[in-house]
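Q: The file below is model.cif, mmCIF, C-alpha atoms and all ligand atoms:
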```cif
data_start
#
loop_
_atom_site.label_atom_id
_atom_site.label_comp_id
_atom_site.auth_asym_id
_atom_site.auth_seq_id
_atom_site.Cartn_x
_atom_site.Cartn_y
_atom_site.Cartn_z
CA MET Y 20 -9.91 -21.37 1.95
CA VAL Y 21 -8.75 -18.70 -0.55
CA ALA Y 22 -5.13 -19.54 0.23
CA HIS Y 23 -5.76 -23.18 -0.68
CA SER Y 24 -8.04 -22.79 -3.64
CA ARG Y 25 -6.26 -19.98 -5.51
CA ALA Y 26 -5.59 -21.11 -9.08
CA GLU Y 27 -1.86 -21.46 -9.68
CA SER Y 28 -1.56 -22.96 -13.13
CA LEU Y 29 -3.33 -24.75 -15.97
CA LEU Y 30 -3.02 -28.25 -17.36
CA VAL Y 31 -3.54 -28.51 -21.11
CA HIS Y 32 -3.09 -31.09 -23.83
CA LEU Y 33 -2.52 -30.74 -27.56
CA ASP Y 34 -5.41 -31.92 -29.72
CA ASP Y 35 -5.07 -33.57 -33.14
CA ASP Y 36 -4.65 -30.14 -34.78
CA GLY Y 37 -1.86 -29.16 -32.39
CA VAL Y 38 -4.12 -26.71 -30.54
CA GLU Y 39 -3.83 -26.48 -26.75
CA ARG Y 40 -7.00 -27.66 -25.00
CA PHE Y 41 -7.88 -27.07 -21.38
CA ASP Y 42 -7.66 -30.03 -18.98
CA ALA Y 43 -7.61 -28.69 -15.44
CA LEU Y 44 -6.94 -25.80 -13.08
CA VAL Y 45 -4.23 -26.53 -10.53
CA CYS Y 46 -4.83 -24.96 -7.11
CA THR Y 47 -2.31 -23.80 -4.54
CA ASP Y 48 -2.79 -26.97 -2.48
CA GLY Y 49 -2.19 -29.17 -5.54
CA LYS Y 50 -5.82 -30.02 -6.11
CA GLU Y 51 -6.79 -30.32 -9.79
CA ILE Y 52 -10.17 -29.08 -10.96
CA ARG Y 53 -10.87 -30.85 -14.24
CA GLY Y 54 -13.15 -29.53 -16.97
CA ASP Y 55 -13.81 -29.31 -20.69
CA LEU Y 56 -13.61 -25.54 -20.87
CA LEU Y 57 -12.11 -22.72 -18.83
CA LEU Y 58 -14.39 -19.70 -18.80
CA LEU Y 59 -13.03 -16.48 -17.31
CA SER Y 60 -15.56 -13.90 -16.19
CA CYS Y 61 -13.77 -10.65 -15.44
CA GLY Y 62 -15.07 -7.20 -14.72
CA VAL Y 63 -14.25 -3.91 -13.10
CA GLY Y 64 -15.81 -2.18 -10.13
CA ALA Y 65 -15.55 1.40 -8.90
CA ARG Y 66 -13.48 1.90 -5.73
CA SER Y 67 -16.05 4.19 -4.21
CA GLU Y 68 -15.45 3.49 -0.49
CA PHE Y 69 -13.77 6.87 0.01
CA ALA Y 70 -16.70 8.68 -1.58
CA GLN Y 71 -19.16 6.67 0.50
CA LEU Y 72 -17.28 7.47 3.72
CA SER Y 73 -17.35 11.13 2.70
CA GLY Y 74 -21.13 11.02 2.67
CA LEU Y 75 -21.72 10.95 -1.10
CA GLU Y 76 -24.50 8.74 -2.42
CA VAL Y 77 -23.06 5.67 -4.08
CA ALA Y 78 -24.64 2.77 -5.99
CA THR Y 79 -22.32 0.91 -8.39
CA GLY Y 80 -20.49 4.23 -8.72
CA ILE Y 81 -20.72 7.73 -7.26
CA LEU Y 82 -24.20 8.91 -8.20
CA VAL Y 83 -24.08 12.00 -10.40
CA ASP Y 84 -26.80 13.72 -12.41
CA GLY Y 85 -26.73 14.50 -16.12
CA THR Y 86 -24.32 17.38 -15.44
CA LEU Y 87 -21.91 15.05 -13.60
CA GLN Y 88 -22.63 16.82 -10.31
CA SER Y 89 -22.84 14.48 -7.35
CA TRP Y 90 -26.33 14.00 -5.98
CA ARG Y 91 -25.32 14.91 -2.45
CA ASP Y 92 -22.79 17.73 -2.78
CA PRO Y 93 -23.05 20.36 -5.57
CA ALA Y 94 -19.33 21.13 -5.26
CA ILE Y 95 -18.28 17.59 -6.14
CA PHE Y 96 -18.35 16.12 -9.64
CA ALA Y 97 -17.39 12.63 -10.75
CA ILE Y 98 -16.42 11.20 -14.14
CA GLY Y 99 -15.10 8.00 -15.63
CA ASP Y 100 -15.07 4.59 -14.04
CA CYS Y 101 -16.10 5.85 -10.60
CA ALA Y 102 -19.19 7.78 -11.79
CA GLN Y 103 -22.70 6.47 -12.28
CA VAL Y 104 -24.88 8.89 -14.22
CA ALA Y 105 -28.52 8.66 -13.10
CA SER Y 106 -31.47 10.99 -12.71
CA ARG Y 107 -31.77 12.32 -9.18
CA ARG Y 108 -34.28 10.50 -7.04
CA ALA Y 109 -37.53 12.43 -6.70
CA PRO Y 110 -38.17 13.74 -3.17
CA GLY Y 111 -39.90 11.06 -1.14
CA ALA Y 112 -39.13 8.30 -3.67
CA THR Y 113 -37.96 4.93 -2.40
CA SER Y 114 -34.22 4.53 -2.02
CA ALA Y 115 -33.83 1.66 -4.51
CA ALA Y 116 -30.44 1.92 -6.21
CA PRO Y 117 -30.68 3.26 -9.77
CA LEU Y 118 -30.03 0.74 -12.50
CA GLY Y 119 -26.92 0.88 -14.67
CA GLY Y 120 -23.43 1.87 -13.69
CA PRO Y 121 -20.15 3.26 -14.98
CA SER Y 122 -19.48 2.17 -18.55
CA GLY Y 123 -16.06 0.69 -17.72
CA LEU Y 124 -14.76 2.07 -21.04
CA ILE Y 125 -12.29 4.84 -21.66
CA GLY Y 126 -14.21 6.82 -24.33
CA PRO Y 127 -17.20 7.89 -22.22
CA GLY Y 128 -14.84 9.06 -19.43
CA TRP Y 129 -12.87 11.20 -21.85
CA ARG Y 130 -16.02 12.73 -23.28
CA GLN Y 131 -17.17 13.51 -19.74
CA ALA Y 132 -13.78 15.07 -18.96
CA ASP Y 133 -13.94 17.27 -22.07
CA TRP Y 134 -17.46 18.37 -21.31
CA LEU Y 135 -16.74 19.13 -17.64
CA ALA Y 136 -13.58 21.06 -18.51
CA ALA Y 137 -15.60 23.18 -20.96
CA ARG Y 138 -18.26 23.76 -18.33
CA PHE Y 139 -15.74 24.80 -15.67
CA THR Y 140 -14.02 27.09 -18.17
CA ALA Y 141 -17.33 28.74 -19.02
CA ASP Y 142 -18.13 29.09 -15.30
CA ILE Y 143 -14.75 30.68 -14.58
CA LEU Y 144 -14.81 33.05 -17.53
CA GLN Y 145 -18.42 33.97 -16.90
CA ALA Y 146 -18.35 35.80 -20.20
CA ALA Y 147 -21.77 37.07 -21.21
CA ASP Y 148 -21.45 35.59 -24.68
CA ASP Y 149 -20.07 32.27 -23.45
CA VAL Y 150 -22.94 29.87 -23.50
CA GLY Y 151 -20.97 26.93 -22.11
CA PRO Y 152 -20.78 23.44 -23.57
CA GLY Y 153 -24.54 22.76 -23.84
CA ASP Y 154 -25.99 19.52 -22.54
CA LEU Y 155 -23.79 16.50 -22.11
CA ALA Y 156 -24.83 14.17 -24.92
CA ALA Y 157 -26.24 10.82 -23.87
CA GLU Y 158 -23.84 7.99 -24.60
CA ARG Y 159 -24.77 5.63 -27.39
CA PRO Y 160 -24.62 1.95 -26.44
CA ALA Y 161 -20.95 1.08 -26.34
CA LEU Y 162 -19.43 -0.93 -29.14
CA VAL Y 163 -16.91 -3.30 -27.58
CA MET Y 164 -14.21 -5.10 -29.52
CA LEU Y 165 -12.21 -7.82 -27.83
CA LYS Y 166 -8.52 -7.46 -28.49
CA ALA Y 167 -7.45 -11.03 -27.86
CA HIS Y 168 -5.17 -12.89 -30.24
CA GLY Y 169 -6.93 -15.44 -32.42
CA ILE Y 170 -10.52 -14.64 -31.52
CA ALA Y 171 -12.67 -11.92 -33.06
CA VAL Y 172 -15.47 -10.69 -30.82
CA VAL Y 173 -17.46 -7.50 -31.37
CA ALA Y 174 -20.60 -6.62 -29.42
CA ALA Y 175 -22.89 -3.63 -29.05
CA GLY Y 176 -25.80 -3.17 -26.68
CA SER Y 177 -27.57 -5.65 -24.47
CA ILE Y 178 -27.79 -9.01 -26.19
CA ALA Y 179 -30.41 -10.33 -23.78
CA PRO Y 180 -33.31 -10.60 -26.28
CA GLU Y 181 -33.90 -14.17 -27.41
CA PRO Y 182 -35.28 -15.33 -30.79
CA TRP Y 183 -38.36 -16.91 -29.23
CA GLY Y 184 -38.79 -14.38 -26.41
CA GLU Y 185 -41.60 -11.87 -26.11
CA PRO Y 186 -40.84 -9.02 -28.54
CA SER Y 187 -42.05 -6.48 -25.99
CA ASP Y 188 -39.76 -7.74 -23.21
CA HIS Y 189 -36.72 -5.75 -24.08
CA GLY Y 190 -35.76 -2.13 -24.33
CA GLY Y 191 -33.71 -1.03 -27.31
CA ALA Y 192 -30.75 1.14 -28.01
CA HIS Y 193 -31.35 3.53 -30.90
CA THR Y 194 -34.46 5.63 -30.72
CA GLY Y 195 -34.96 6.07 -34.41
CA ASP Y 196 -38.00 5.77 -36.60
CA GLY Y 197 -38.40 2.16 -35.48
CA GLY Y 198 -39.93 3.70 -32.32
CA SER Y 199 -42.20 1.20 -30.66
CA ALA Y 200 -41.79 -1.58 -33.23
CA PRO Y 201 -41.00 -4.93 -31.57
CA LEU Y 202 -37.45 -6.20 -31.37
CA ARG Y 203 -36.67 -9.10 -33.70
CA VAL Y 204 -33.79 -11.49 -33.14
CA ALA Y 205 -31.84 -13.46 -35.75
CA GLN Y 206 -29.17 -15.83 -34.51
CA TRP Y 207 -26.69 -18.22 -36.04
CA VAL Y 208 -24.55 -20.64 -34.04
CA ASP Y 209 -21.71 -22.90 -35.17
CA PRO Y 210 -19.91 -24.05 -32.00
CA GLN Y 211 -17.71 -26.51 -33.86
CA HIS Y 212 -16.05 -23.68 -35.74
CA GLY Y 213 -16.27 -21.10 -32.97
CA ARG Y 214 -18.75 -18.87 -34.79
CA TYR Y 215 -21.78 -17.07 -33.44
CA VAL Y 216 -23.83 -14.12 -34.62
CA LYS Y 217 -26.83 -12.50 -33.00
CA MET Y 218 -28.57 -9.52 -34.57
CA VAL Y 219 -31.37 -7.67 -32.83
CA THR Y 220 -33.37 -5.28 -34.97
CA ARG Y 221 -36.27 -2.92 -34.49
CA GLY Y 222 -38.15 -2.05 -37.63
CA GLY Y 223 -35.30 -3.69 -39.55
CA ILE Y 224 -32.68 -1.34 -37.99
CA LEU Y 225 -29.81 -3.00 -36.16
CA GLU Y 226 -29.95 -2.04 -32.47
CA VAL Y 227 -27.86 -4.75 -30.84
CA PHE Y 228 -25.44 -7.37 -32.07
CA VAL Y 229 -22.71 -9.75 -31.08
CA CYS Y 230 -20.41 -11.46 -33.54
CA VAL Y 231 -17.84 -14.11 -32.66
CA GLY Y 232 -15.24 -15.65 -34.93
CA MET Y 233 -16.42 -13.79 -38.05
CA PRO Y 234 -14.31 -10.65 -38.49
CA ARG Y 235 -15.69 -9.52 -41.86
CA THR Y 236 -19.28 -9.96 -40.78
CA ALA Y 237 -18.41 -8.06 -37.59
CA ALA Y 238 -16.95 -5.18 -39.62
CA GLU Y 239 -20.09 -5.02 -41.75
CA LEU Y 240 -22.40 -5.15 -38.74
CA THR Y 241 -20.33 -2.41 -37.08
CA LEU Y 242 -20.88 -0.11 -40.06
CA LEU Y 243 -24.60 -0.90 -40.19
CA PHE Y 244 -24.87 -0.33 -36.43
CA GLU Y 245 -23.13 3.03 -36.42
CA ARG Y 246 -25.21 4.29 -39.34
CA GLY Y 247 -28.48 2.96 -37.95
CA SER Y 248 -28.96 1.22 -41.29
CA GLU Y 249 -31.58 -1.34 -42.14
CA LEU Y 250 -30.33 -4.92 -42.42
CA PRO Y 251 -30.93 -6.93 -45.60
CA ALA Y 252 -34.23 -8.81 -45.33
CA ASP Y 253 -32.27 -12.02 -45.88
CA ARG Y 254 -29.99 -11.86 -42.82
CA SER Y 255 -27.94 -14.79 -44.08
CA VAL Y 256 -26.35 -12.40 -46.60
CA LEU Y 257 -24.38 -10.95 -43.69
CA LEU Y 258 -22.98 -14.35 -42.74
CA ARG Y 259 -21.51 -14.82 -46.19
CA TYR Y 260 -18.90 -12.10 -45.68
CA ASP Y 261 -16.85 -14.69 -43.84
CA GLY Y 262 -17.57 -17.37 -46.42
CA PRO Y 263 -15.04 -18.64 -48.97
CA ASP Y 264 -16.83 -16.91 -51.87
CA TYR Y 265 -16.64 -13.46 -50.26
CA GLU Y 266 -15.88 -10.57 -52.61
CA ALA Y 267 -14.48 -7.47 -50.96
CA SER Y 268 -16.33 -5.22 -53.40
CA SER Y 269 -19.71 -6.44 -52.12
CA SER Y 270 -19.26 -5.07 -48.62
CA SER Y 271 -19.91 -1.53 -47.41
CA ASP Y 272 -17.12 0.95 -47.91
CA ARG Y 273 -14.85 0.80 -44.86
CA PHE Y 274 -13.25 4.02 -46.07
CA ALA Y 275 -16.47 6.02 -46.27
CA LEU Y 276 -15.73 9.38 -44.65
CA ASP Y 277 -18.38 8.95 -41.96
CA ALA Y 278 -17.21 5.48 -40.88
CA THR Y 279 -15.80 5.40 -37.35
CA VAL Y 280 -12.21 4.28 -36.95
CA CYS Y 281 -11.50 4.94 -33.28
CA TRP Y 282 -14.46 3.96 -31.15
CA CYS Y 283 -12.89 5.18 -27.90
CA ASN Y 284 -12.76 8.73 -29.21
CA GLY Y 285 -15.30 8.78 -32.00
CA VAL Y 286 -12.76 9.62 -34.73
CA SER Y 287 -13.98 9.07 -38.29
CA VAL Y 288 -12.27 8.14 -41.53
CA GLY Y 289 -12.94 11.69 -42.71
CA ALA Y 290 -11.07 13.29 -39.80
CA ILE Y 291 -8.02 11.08 -40.37
CA ALA Y 292 -8.20 11.58 -44.12
CA GLU Y 293 -8.09 15.36 -43.67
CA LEU Y 294 -5.02 15.09 -41.47
CA ALA Y 295 -3.36 12.71 -43.93
CA ALA Y 296 -4.04 15.12 -46.78
CA ALA Y 297 -2.50 17.91 -44.66
CA GLY Y 298 0.70 15.92 -44.22
CA GLU Y 299 0.04 14.23 -40.85
CA THR Y 300 0.95 10.81 -42.14
CA THR Y 301 1.84 8.76 -39.07
CA VAL Y 302 -0.36 6.99 -36.55
CA ALA Y 303 1.36 9.00 -33.81
CA CYS Y 304 0.56 12.35 -35.50
CA VAL Y 305 -3.07 11.37 -35.92
CA GLY Y 306 -3.14 10.26 -32.28
CA SER Y 307 -1.76 13.60 -31.09
CA ALA Y 308 -4.26 15.56 -33.15
CA THR Y 309 -7.40 13.51 -32.46
CA ARG Y 310 -6.57 11.01 -29.68
CA ALA Y 311 -7.44 8.25 -32.18
CA GLY Y 312 -5.63 5.06 -31.18
CA THR Y 313 -4.63 6.38 -27.76
CA GLY Y 314 -7.43 4.70 -25.83
CA CYS Y 315 -7.52 0.92 -26.08
CA GLY Y 316 -5.21 1.09 -29.08
CA GLY Y 317 -7.14 -1.55 -30.98
CA CYS Y 318 -7.64 0.68 -34.04
CA LYS Y 319 -4.00 1.59 -34.72
CA GLY Y 320 -3.74 -0.81 -37.66
CA ARG Y 321 -6.87 0.63 -39.20
CA ILE Y 322 -5.62 4.22 -38.70
CA GLY Y 323 -2.54 3.17 -40.68
CA GLU Y 324 -4.77 1.78 -43.44
CA VAL Y 325 -6.76 5.00 -43.64
CA ILE Y 326 -3.59 7.12 -43.74
CA ALA Y 327 -2.17 4.94 -46.50
CA ARG Y 328 -5.40 5.08 -48.47
CA PHE Y 329 -5.77 8.85 -48.33
CA THR Y 330 -2.11 9.69 -48.63
CA SER Y 331 -1.99 7.78 -51.88
CA SER Y 332 -5.20 9.30 -53.26
CA VAL Y 333 -4.66 11.86 -56.01
CA ASP Y 334 -3.42 15.16 -54.55
CA GLY Y 335 -4.76 14.16 -51.16
CA GLU Y 336 -8.31 14.55 -52.49
CA LEU Y 337 -10.83 12.88 -50.18
CA VAL Y 338 -12.50 10.18 -52.17
CA GLY Y 339 -14.17 8.00 -49.52
C1 LIG Y 401 -7.20 -4.86 -18.21
C2 LIG Y 401 -8.06 -3.75 -18.69
C3 LIG Y 401 -8.31 -3.61 -20.05
C4 LIG Y 401 -9.12 -2.58 -20.51
N1 LIG Y 401 -9.36 -2.48 -21.85
C5 LIG Y 401 -10.12 -1.47 -22.31
C6 LIG Y 401 -10.36 -1.31 -23.71
O1 LIG Y 401 -9.88 -2.06 -24.51
N2 LIG Y 401 -11.16 -0.29 -24.12
C7 LIG Y 401 -11.71 0.59 -23.24
O2 LIG Y 401 -12.41 1.51 -23.67
N3 LIG Y 401 -11.50 0.48 -21.91
C8 LIG Y 401 -10.72 -0.53 -21.43
N4 LIG Y 401 -10.51 -0.66 -20.08
C9 LIG Y 401 -11.18 0.28 -19.17
C10 LIG Y 401 -10.43 1.62 -19.12
O3 LIG Y 401 -9.08 1.40 -18.81
C11 LIG Y 401 -11.10 2.46 -18.04
O4 LIG Y 401 -12.47 2.64 -18.37
C12 LIG Y 401 -10.46 3.83 -17.91
O5 LIG Y 401 -9.09 3.72 -17.63
C13 LIG Y 401 -11.15 4.60 -16.79
O6 LIG Y 401 -10.52 5.85 -16.64
P1 LIG Y 401 -10.64 6.64 -15.29
O7 LIG Y 401 -9.80 7.87 -15.47
O8 LIG Y 401 -12.05 6.81 -14.91
O9 LIG Y 401 -10.01 5.69 -14.17
P2 LIG Y 401 -8.53 5.12 -14.07
O10 LIG Y 401 -7.89 5.03 -15.42
O11 LIG Y 401 -8.66 3.89 -13.25
O12 LIG Y 401 -7.77 6.26 -13.28
C14 LIG Y 401 -7.98 6.45 -11.91
C15 LIG Y 401 -6.66 6.90 -11.31
O13 LIG Y 401 -6.87 7.32 -9.97
C16 LIG Y 401 -5.82 6.81 -9.18
N5 LIG Y 401 -6.31 6.73 -7.80
C17 LIG Y 401 -7.17 5.84 -7.27
N6 LIG Y 401 -7.38 6.10 -5.97
C18 LIG Y 401 -6.63 7.17 -5.68
C19 LIG Y 401 -6.43 7.93 -4.49
N7 LIG Y 401 -7.04 7.63 -3.34
N8 LIG Y 401 -5.59 8.98 -4.55
C20 LIG Y 401 -4.98 9.32 -5.70
N9 LIG Y 401 -5.13 8.65 -6.84
C21 LIG Y 401 -5.95 7.59 -6.83
C22 LIG Y 401 -5.49 5.47 -9.79
O14 LIG Y 401 -4.20 5.06 -9.46
C23 LIG Y 401 -5.62 5.78 -11.28
O15 LIG Y 401 -4.42 6.27 -11.83
C24 LIG Y 401 -9.70 -1.67 -19.59
C25 LIG Y 401 -9.44 -1.80 -18.22
C26 LIG Y 401 -8.64 -2.83 -17.79
C27 LIG Y 401 -8.38 -2.95 -16.31
#
```
Kindly transcribe the structure held in the file into structure tokens.

A:
Amino acid sequence: MVAHSRAESLLVHLDDDGVERFDALVCTDGKEIRGDLLLLSCGVGARSEFAQLSGLEVATGILVDGTLQSWRDPAIFAIGDCAQVASRRAPGATSAAPLGGPSGLIGPGWRQADWLAARFTADILQAADDVGPGDLAAERPALVMLKAHGIAVVAAGSIAPEPWGEPSDHGGAHTGDGGSAPLRVAQWVDPQHGRYVKMVTRGGILEVFVCVGMPRTAAELTLLFERGSELPADRSVLLRYDGPDYEASSSSDRFALDATVCWCNGVSVGAIAELAAAGETTVACVGSATRAGTGCGGCKGRIGEVIARFTSSVDGELVG
């Protein structure tokens, strides 16, 4: 059946605006599956068969504890896309698979690699004054930016909460002062123009969002998310960033020193500005020094903007 139904090509037509619109999928056997929209749902999965055959405990990834040590064998550690960090099952507890899974993103894997390397180094040196790397910091909810031409999508956290759902139904992301306050959902949908925004707040603080087709609003929400800032009481203010009357001066400062530029590696404007002031004025130099731009690569343009901004500031003084 797979041999016959594998999709081989697409049929499209040009609409009145000259934009290609989906008509049908053409299968290997020539069959055409017609539709209004082609939706691709892609994901990644850990190839953990080898680990499983070796006797390690595996759920969606190799199960490791908060120190990245495999549950089953203390001599084996796992990181990155094949590792699922979860608290060890209590003795006698049921064997239900832990929730969650590998992040499927490059940044968390690199942070795990750095931390594990520091831990191994400390173990090897066994120096009395070497206290090791401390605890591995819990990952914040990932901020994911789609890097597809012509469509701006940015999302952070689980967007499951619904505007009319039970406020108590959903867990949150940040654990700030909002504490046990209920989650509140504001949503705006404009399918005709390919725009969609959902903002989930707790105590007014943005915990989760998704923003489609509105790049300036997405940039603003990203800044508010990373700072754990309170949203304006009138949420519609945020939608106006992508409106025709937008004024750049009214948005948050994208060059503030604490603003994140490279989300894969957690590199801030300030870190890049310091390098720029010290004469590291190319994207490649900044990448070598900080890894910024060497993960998904989606921030390279913005690294260039930050370099340009701080190279041209007076005497390299940081003014963000
Ligand atoms: C198309 C695509 C786009 C992506 N875009 C992004 C993005 O924009 N941002 C982002 O953060 N992440 C992105 N990711 C995810 C990111 O690439 C992964 O999270 C990251 O590469 C995981 O790193 P890793 O070292 O754990 O695994 P990998 O990078 O998969 O490295 C594992 C290595 O092990 C090797 N290997 C496997 N089995 C064996 C074996 N038996 N013996 C020896 N070697 C073996 C493999 O060949 C591979 O080189 C994307 C992934 C894909 C597939």

Q: Leaving out Val38 (chain Y) and any residue of its chain fewer than 6 positions from it, which residues lie within 12 Å of it when counting only C-alpha atoms, given as a PyMOL selection string?

A: chain Y and resi 31-32+169

Q: Could you give me the residues within 8 Å of ligand LIG 401 (chain Y), counting all atoms listed in the file, as a list of chain:residue names?

A: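 The distance check yields Y:Val63, Y:Arg66, Y:Phe69, Y:Ile98, Y:Gly99, Y:Asp100, Y:Cys101, Y:Ala102, Y:Ser122, Y:Gly123, Y:Leu124, Y:Ile125, Y:Gly126, Y:Gly128, Y:Trp129, Y:Val163, Y:Met164, Y:Leu165, Y:Lys166, Y:Cys283, Y:Gly314, Y:Cys315, Y:Gly316, Y:Gly317.
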
Q: For the residues in that selection, give me C-alpha atoms as an mmCIF file, in the frame of the given file.

A:
```cif
data_model
loop_
_atom_site.group_PDB
_atom_site.id
_atom_site.type_symbol
_atom_site.label_atom_id
_atom_site.label_comp_id
_atom_site.auth_asym_id
_atom_site.auth_seq_id
_atom_site.Cartn_x
_atom_site.Cartn_y
_atom_site.Cartn_z
ATOM 1 C CA VAL Y 63 -14.250 -3.910 -13.100
ATOM 2 C CA ARG Y 66 -13.480 1.900 -5.730
ATOM 3 C CA PHE Y 69 -13.770 6.870 0.010
ATOM 4 C CA ILE Y 98 -16.420 11.200 -14.140
ATOM 5 C CA GLY Y 99 -15.100 8.000 -15.630
ATOM 6 C CA ASP Y 100 -15.070 4.590 -14.040
ATOM 7 C CA CYS Y 101 -16.100 5.850 -10.600
ATOM 8 C CA ALA Y 102 -19.190 7.780 -11.790
ATOM 9 C CA SER Y 122 -19.480 2.170 -18.550
ATOM 10 C CA GLY Y 123 -16.060 0.690 -17.720
ATOM 11 C CA LEU Y 124 -14.760 2.070 -21.040
ATOM 12 C CA ILE Y 125 -12.290 4.840 -21.660
ATOM 13 C CA GLY Y 126 -14.210 6.820 -24.330
ATOM 14 C CA GLY Y 128 -14.840 9.060 -19.430
ATOM 15 C CA TRP Y 129 -12.870 11.200 -21.850
ATOM 16 C CA VAL Y 163 -16.910 -3.300 -27.580
ATOM 17 C CA MET Y 164 -14.210 -5.100 -29.520
ATOM 18 C CA LEU Y 165 -12.210 -7.820 -27.830
ATOM 19 C CA LYS Y 166 -8.520 -7.460 -28.490
ATOM 20 C CA CYS Y 283 -12.890 5.180 -27.900
ATOM 21 C CA GLY Y 314 -7.430 4.700 -25.830
ATOM 22 C CA CYS Y 315 -7.520 0.920 -26.080
ATOM 23 C CA GLY Y 316 -5.210 1.090 -29.080
ATOM 24 C CA GLY Y 317 -7.140 -1.550 -30.980
#
```

Q: Pull the neighbourhood of (-3.0, 16.2, -42.1) for me: all residues within 12 Å in file coordinates, counting all atoms listed in the file, as a count of residues only.

A: 28

Q: I need the residue nearest Ala157 (chain Y) from this list: Y:Gly85, Y:Pro234, Y:Pro182, Y:Gly176. Use only C-alpha atoms for the distance.

A: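 Closest to Ala157 (chain Y), using only C-alpha atoms: Y:Gly85.
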
Q: Rank nothing, just name the residue among Y:Leu155, Y:Ala175, Y:Ala275, Y:Ala43 nearest to Asp84 (chain Y), using only C-alpha atoms.

A: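 The closest residue to Asp84 (chain Y) is Y:Leu155.
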
Q: Just the residues within 8 Å of Val204 (chain Y), please, counting only C-alpha atoms, with nothing from its chain fewer than 2 positions along; format it as a compact mmCIF listing (two decimals) with C-alpha atoms, in the coordinates of the input.

A:
```txt
# COMPACT_ATOMS: atom_id res chain seq x y z
CA PRO Y 180 -33.31 -10.60 -26.28
CA GLU Y 181 -33.90 -14.17 -27.41
CA PRO Y 182 -35.28 -15.33 -30.79
CA LEU Y 202 -37.45 -6.20 -31.37
CA GLN Y 206 -29.17 -15.83 -34.51
CA LYS Y 217 -26.83 -12.50 -33.00
CA MET Y 218 -28.57 -9.52 -34.57
CA VAL Y 219 -31.37 -7.67 -32.83
CA THR Y 220 -33.37 -5.28 -34.97
```

Q: Which is closer to Leu82 (chain Y) than all the others in Y:Ala105, Y:Ala112, Y:Cys61, Y:Val173, using only C-alpha atoms?

A: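 Using only C-alpha atoms, the shortest distance to Leu82 (chain Y) belongs to Y:Ala105.
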
Q: Ranking Y:Ser60, Y:Leu250, Y:Arg328, Y:Pro121 by minimum distance to Val83 (chain Y) and counting only C-alpha atoms, which one comes first?

A: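 Ranking Y:Ser60, Y:Leu250, Y:Arg328, Y:Pro121 by distance to Val83 (chain Y), first place goes to Y:Pro121.
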
Q: Counting all atoms listed in the file, which residue out of Y:Arg203, Y:Arg130, Y:His23, Y:Arg159 sits closest to Gly223 (chain Y)?

A: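 The shortest atom-to-atom distance to Gly223 (chain Y) comes from Y:Arg203.
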
Q: With a distance cut-off of 12 Å and all atoms listed in the file, select the neighbouring residues of region 50-56 of chain Y, excluding the residue or stretch itself and same-chain residues fewer than 2 positions from it, and output the selection as an NGL selection string.

A: :Y and (23-32 or 39-48 or 58-59)

Q: Mind writing the picked residues with C-alpha atoms as a PDB file, keeping the file's coordinate frame?

A:
```pdb
ATOM      1  CA  HIS Y  23      -5.760 -23.180  -0.680  1.00  0.00           C
ATOM      2  CA  SER Y  24      -8.040 -22.790  -3.640  1.00  0.00           C
ATOM      3  CA  ARG Y  25      -6.260 -19.980  -5.510  1.00  0.00           C
ATOM      4  CA  ALA Y  26      -5.590 -21.110  -9.080  1.00  0.00           C
ATOM      5  CA  GLU Y  27      -1.860 -21.460  -9.680  1.00  0.00           C
ATOM      6  CA  SER Y  28      -1.560 -22.960 -13.130  1.00  0.00           C
ATOM      7  CA  LEU Y  29      -3.330 -24.750 -15.970  1.00  0.00           C
ATOM      8  CA  LEU Y  30      -3.020 -28.250 -17.360  1.00  0.00           C
ATOM      9  CA  VAL Y  31      -3.540 -28.510 -21.110  1.00  0.00           C
ATOM     10  CA  HIS Y  32      -3.090 -31.090 -23.830  1.00  0.00           C
ATOM     11  CA  GLU Y  39      -3.830 -26.480 -26.750  1.00  0.00           C
ATOM     12  CA  ARG Y  40      -7.000 -27.660 -25.000  1.00  0.00           C
ATOM     13  CA  PHE Y  41      -7.880 -27.070 -21.380  1.00  0.00           C
ATOM     14  CA  ASP Y  42      -7.660 -30.030 -18.980  1.00  0.00           C
ATOM     15  CA  ALA Y  43      -7.610 -28.690 -15.440  1.00  0.00           C
ATOM     16  CA  LEU Y  44      -6.940 -25.800 -13.080  1.00  0.00           C
ATOM     17  CA  VAL Y  45      -4.230 -26.530 -10.530  1.00  0.00           C
ATOM     18  CA  CYS Y  46      -4.830 -24.960  -7.110  1.00  0.00           C
ATOM     19  CA  THR Y  47      -2.310 -23.800  -4.540  1.00  0.00           C
ATOM     20  CA  ASP Y  48      -2.790 -26.970  -2.480  1.00  0.00           C
ATOM     21  CA  LEU Y  58     -14.390 -19.700 -18.800  1.00  0.00           C
ATOM     22  CA  LEU Y  59     -13.030 -16.480 -17.310  1.00  0.00           C
TER      23      LEU Y  59
END
```

Q: Of the candidates Y:Ile224, Y:Ala97, Y:Met233, Y:Ala161, which one gets nearest to Ala70 (chain Y) if we count all atoms listed in the file?

A: Y:Ala97
